[in-house]
2 protein chains.
Amino acid sequence: MTILLGKDKPAARYEQVKSYILSRIETGEWEVGHRLPSESELVDLLGVSRMTVHRALRELTVDGVVTRAQGVGTFVAEPLKRVELLELRDIAEDIVSNGHTHTTRVITLDAIRADSDLAMAFGQRPGARLFHSIIVHLEDGTPLQVEERFVSPHFAPDYLEQDFSLSHPHRHLSSISHPEEIEHVVFAVTPSQETCDLLDLDAPEACLQLMRRTWVDERVVMKGIFTYPGSRYSFVGRYRP
Amino acid sequence: MTILLGKDKPAARYEQVKSYILSRIETGEWEVGHRLPSESELVDLLGVSRMTVHRALRELTVDGVVTRAQGVGTFVAEPLKRVELLELRDIAEDIVSNGHTHTTRVITLDAIRADSDLAMAFGQRPGARLFHSIIVHLEDGTPLQVEERFVSPHFAPDYLEQDFSLSHPHRHLSSISHPEEIEHVVFAVTPSQETCDLLDLDAPEACLQLMRRTWVDERVVMKGIFTYPGSRYSFVGRYRP
DNA sequence: CAGTGGTCTAGACCACCCA
DNA sequence: GGGTGGTCTAGACCACTGG
């Protein structure tokens, strides 16, 4: 077995320009806010054409390494704040991709009137009409999630006509349009008796609860509350920053 | 009050080329896997130079809209799978940015020998030496998080010499190097009596637990277990995809 | 006004892939 | 070998900024 690495193809010139600039920044020679040489100065300095310099700087701008302003110059940007992320996967895909069978039980599918909390969540007046569903997701017959959703009728007028034992709400809502904004809140809760029953829990145990609100056209169109038994489910994510 | 929008500056030509291609894809005229016209064909078709076409296609490649292969062509890519993300924020920053005061109590700071579970988590043999810390984070004097960490001595040889009542482990570890890979697992648990005591909980209540492992040079260098009382803390994230 | 970045062109050379 | 994408150049025009 042979190992082939680095076919010693020289890096492209714009990559070399990027490296040149990055190394100046990393060594501290150019600090945050420092003004870089102009494009034409870099042309003279590095002996490449302006388009090449420009491409290097443009890519560094996209990466957040520098900021640029027409008529002003190019400056070393604030280092990016590192964020640590957790991917929230769709439960159905999660179950199927792990080789299990996914089924659902539709408990409730109706229209309701918003109480004051719901009205607040949707930015509407109390009494506004909302569609409402409660569905249990099972993995090989074992309940893994209770999902309760409230949906704006204006956004999904056909919500109540769907057969969610076949295609779940997530699919239906995605087929209409993708949200412009999403809010997630993850709680730990002790579930209600009703939730315990739906999850086949003999005694109340700590549950994960995920609340999601989605916006379209600046309006809340969906609020979902997803409850998972702590002993059977966890959110797992592994990634390379 | 006047509203100024769209200064009717015509979009750049490469943006127009992108729009042209995107609209063909969105209308379904070019389906997934369809081969796009070559760069030189687009040059003739759209009456712009090849560099302009190339920039448009390069940016669409970065965005995952098309895939390209030298000597082969440009093809419509599979639509990106939408992932929903939750940002896991540093507890200290979280508390301070909300206008509260953050303090810590260092409970434990010592070296231990890995049991079989820890050895598994670190990919080492049982009995391997690991640094260990337990710290409580408080918001205005109320415990919000118990963090327990296990750290590879090889990665952070000075770990035991740190004063974590001033600078917490996250800062110390970040100052050494940033992880190449991160794994997160979020649980809901009923806490042990010891954890209840550290969190000032009168009775056990559902707690959020976040487990994090980080890798540097293909090796696990840190495992942390963060426990939050469900009644006092939740992970919140809001973003625009 | 001079200097900056943003864009665009026409032409060129190259590595790569496939028939 | 002919077509593909990847790169690079020299020169150009423009909009924007600051003094």
# chains A, B, ... in the order shown; residues from 1 in each chain; ligands from 1

call {"tool": "residues_around", "arguments": {"residues": "DA2 of chain C", "least_positions_apart": "4", "cutoff": "12 Å", "atoms": "only C-alpha atoms (C1' of nucleotides)", "output": "ChimeraX atom specification"}}
result
/A:71 /D:17-19

call {"tool": "residues_around", "arguments": {"residues": "Phe164 of chain B", "least_positions_apart": "6", "cutoff": "9 Å", "atoms": "only C-alpha atoms (C1' of nucleotides)", "output": "list in words"}}
result
Thr104, Arg105, Val106, Ile135 and His172 of chain B

call {"tool": "residues_around", "arguments": {"residues": "segment 224-232 of chain B", "least_positions_apart": "4", "cutoff": "7 Å", "atoms": "only C-alpha atoms (C1' of nucleotides)", "output": "ChimeraX atom specification"}}
result
/A:187-189 /B:144-150,206-213

call {"tool": "closest_residue", "arguments": {"among": "B:Val72, B:Ile176, B:Ala156, B:Leu199", "to": "DG3 of chain D", "atoms": "only C-alpha atoms (C1' of nucleotides)"}}
result
B:Val72

call {"tool": "select_by_dssp", "arguments": {"residues": "segment 9-226 of chain B", "states": "helix (DSSP H, G or I)", "output": "PyMOL selection string"}}
result
chain B and resi 13-26+39-46+50-62+91-97+116-122+159-161+169-176+193-198

call {"tool": "select_by_dssp", "arguments": {"residues": "segment 81-188 of chain B", "states": "strand (DSSP E)", "output": "JSON, numbers by chain"}}
result
{"B": [84, 85, 86, 87, 88, 102, 103, 104, 105, 106, 107, 108, 109, 110, 111, 112, 113, 129, 130, 131, 132, 133, 134, 135, 136, 137, 138, 139, 142, 143, 144, 145, 146, 147, 148, 149, 150, 151, 181, 182, 183, 184, 185, 186, 187, 188]}

call {"tool": "residues_around", "arguments": {"residues": "DC8 of chain C", "least_positions_apart": "2", "cutoff": "10 Å", "atoms": "only C-alpha atoms (C1' of nucleotides)", "output": "PyMOL selection string"}}
result
(chain B and resi 12-14+48-52) or (chain C and resi 6) or (chain D and resi 12-13)

call {"tool": "write_last_selection", "arguments": {"atoms": "N, CA, C and O atoms (P, O5', C5', C4', C3', O3' and C1' of nucleotides)", "output": "PDB file, in the first residue's frame"}}
result
ATOM      1  N   ALA B  12     -24.249  43.376 -10.950  1.00  0.00           N
ATOM      2  CA  ALA B  12     -23.045  43.068 -11.702  1.00  0.00           C
ATOM      3  C   ALA B  12     -23.341  41.950 -12.698  1.00  0.00           C
ATOM      4  O   ALA B  12     -24.250  41.158 -12.493  1.00  0.00           O
ATOM      5  N   ARG B  13     -22.543  41.888 -13.748  1.00  0.00           N
ATOM      6  CA  ARG B  13     -22.849  40.897 -14.779  1.00  0.00           C
ATOM      7  C   ARG B  13     -22.704  39.472 -14.265  1.00  0.00           C
ATOM      8  O   ARG B  13     -23.456  38.589 -14.658  1.00  0.00           O
ATOM      9  N   TYR B  14     -21.702  39.265 -13.404  1.00  0.00           N
ATOM     10  CA  TYR B  14     -21.571  37.888 -12.908  1.00  0.00           C
ATOM     11  C   TYR B  14     -22.772  37.531 -12.049  1.00  0.00           C
ATOM     12  O   TYR B  14     -23.184  36.379 -12.004  1.00  0.00           O
ATOM     13  N   VAL B  48     -20.911  37.732 -22.418  1.00  0.00           N
ATOM     14  CA  VAL B  48     -19.956  38.266 -21.436  1.00  0.00           C
ATOM     15  C   VAL B  48     -18.652  37.508 -21.588  1.00  0.00           C
ATOM     16  O   VAL B  48     -18.587  36.514 -22.303  1.00  0.00           O
ATOM     17  N   SER B  49     -17.637  37.991 -20.913  1.00  0.00           N
ATOM     18  CA  SER B  49     -16.332  37.346 -21.084  1.00  0.00           C
ATOM     19  C   SER B  49     -16.261  36.068 -20.260  1.00  0.00           C
ATOM     20  O   SER B  49     -17.066  35.842 -19.363  1.00  0.00           O
ATOM     21  N   ARG B  50     -15.282  35.277 -20.573  1.00  0.00           N
ATOM     22  CA  ARG B  50     -15.199  33.986 -19.893  1.00  0.00           C
ATOM     23  C   ARG B  50     -14.892  34.157 -18.417  1.00  0.00           C
ATOM     24  O   ARG B  50     -15.377  33.404 -17.582  1.00  0.00           O
ATOM     25  N   MET B  51     -14.074  35.139 -18.051  1.00  0.00           N
ATOM     26  CA  MET B  51     -13.767  35.376 -16.640  1.00  0.00           C
ATOM     27  C   MET B  51     -15.045  35.645 -15.861  1.00  0.00           C
ATOM     28  O   MET B  51     -15.192  35.215 -14.718  1.00  0.00           O
ATOM     29  N   THR B  52     -15.954  36.365 -16.493  1.00  0.00           N
ATOM     30  CA  THR B  52     -17.208  36.699 -15.802  1.00  0.00           C
ATOM     31  C   THR B  52     -18.054  35.452 -15.612  1.00  0.00           C
ATOM     32  O   THR B  52     -18.588  35.209 -14.529  1.00  0.00           O
TER      33      THR B  52
ATOM     34  P    DG C   6     -13.936  45.636  -3.146  1.00  0.00           P
ATOM     35  O5'  DG C   6     -14.545  46.302  -4.449  1.00  0.00           O
ATOM     36  C5'  DG C   6     -15.883  46.790  -4.428  1.00  0.00           C
ATOM     37  C4'  DG C   6     -16.518  46.565  -5.783  1.00  0.00           C
ATOM     38  C3'  DG C   6     -16.476  45.107  -6.248  1.00  0.00           C
ATOM     39  O3'  DG C   6     -17.741  44.751  -6.794  1.00  0.00           O
ATOM     40  C1'  DG C   6     -15.458  46.488  -7.856  1.00  0.00           C
TER      41       DG C   6
ATOM     42  P    DA D  12      -5.040  51.011 -21.244  1.00  0.00           P
ATOM     43  O5'  DA D  12      -6.577  51.035 -20.835  1.00  0.00           O
ATOM     44  C5'  DA D  12      -7.496  50.269 -21.610  1.00  0.00           C
ATOM     45  C4'  DA D  12      -8.760  50.065 -20.819  1.00  0.00           C
ATOM     46  C3'  DA D  12      -9.301  51.331 -20.182  1.00  0.00           C
ATOM     47  O3'  DA D  12     -10.293  51.894 -21.035  1.00  0.00           O
ATOM     48  C1'  DA D  12      -9.551  49.365 -18.796  1.00  0.00           C
ATOM     49  P    DC D  13     -10.742  53.415 -20.760  1.00  0.00           P
ATOM     50  O5'  DC D  13     -12.003  53.239 -19.802  1.00  0.00           O
ATOM     51  C5'  DC D  13     -13.104  52.455 -20.250  1.00  0.00           C
ATOM     52  C4'  DC D  13     -14.036  52.248 -19.082  1.00  0.00           C
ATOM     53  C3'  DC D  13     -14.427  53.545 -18.361  1.00  0.00           C
ATOM     54  O3'  DC D  13     -15.840  53.667 -18.372  1.00  0.00           O
ATOM     55  C1'  DC D  13     -13.753  51.863 -16.822  1.00  0.00           C
TER      56       DC D  13
END

call {"tool": "interface_residues", "arguments": {"of": "chain A", "to": "chain C", "cutoff": "10 Å", "atoms": "only C-alpha atoms (C1' of nucleotides)", "output": "list in words"}}
result
Ser38, Glu39, Ser40, His54, Arg68, Ala69, Gln70, Gly71, Val72, Gly73 and Thr74 of chain A

call {"tool": "interface_residues", "arguments": {"of": "chain D", "to": "chain B", "cutoff": "12 Å", "atoms": "only C-alpha atoms (C1' of nucleotides)", "output": "list of chain:residue names"}}
result
D:DG2, D:DG3, D:DT4, D:DG5, D:DG6, D:DT7, D:DC8, D:DT9, D:DC14, D:DA15

call {"tool": "interface_residues", "arguments": {"of": "chain B", "to": "chain A", "cutoff": "6 Å", "atoms": "only C-alpha atoms", "output": "ChimeraX atom specification"}}
result
/B:84-88,180-190,206-208,230,234-240

call {"tool": "closest_residue", "arguments": {"among": "B:Leu173, B:Leu130, B:Val53, B:Ala11", "to": "His154 of chain B", "atoms": "only C-alpha atoms"}}
result
B:Leu130

call {"tool": "atom_distance", "arguments": {"atom1": "atom CA of Ser152 of chain A", "atom2": "atom CA of Arg171 of chain A"}}
result
15.8 Å

call {"tool": "atom_distance", "arguments": {"atom1": "atom CA of Pro79 of chain A", "atom2": "atom CA of Thr27 of chain A"}}
result
13.7 Å

call {"tool": "residues_around", "arguments": {"residues": "Arg125 of chain A", "least_positions_apart": "4", "cutoff": "8 Å", "atoms": "only C-alpha atoms (C1' of nucleotides)", "output": "list in words"}}
result
Ala114, Ser116, Ala119 and Met120 of chain A

call {"tool": "residues_around", "arguments": {"residues": "Val65 of chain A", "least_positions_apart": "5", "cutoff": "12 Å", "atoms": "only C-alpha atoms (C1' of nucleotides)", "output": "PyMOL selection string"}}
result
chain A and resi 18-19+21-26+30-34+36+56-60+74-81

call {"tool": "atom_distance", "arguments": {"atom1": "atom CA of Met222 of chain A", "atom2": "atom CA of His170 of chain A"}}
result
10.3 Å

call {"tool": "closest_residue", "arguments": {"among": "B:Pro169, B:Pro153, B:Gly141, B:Gly28", "to": "His100 of chain B", "atoms": "only C-alpha atoms"}}
result
B:Gly141
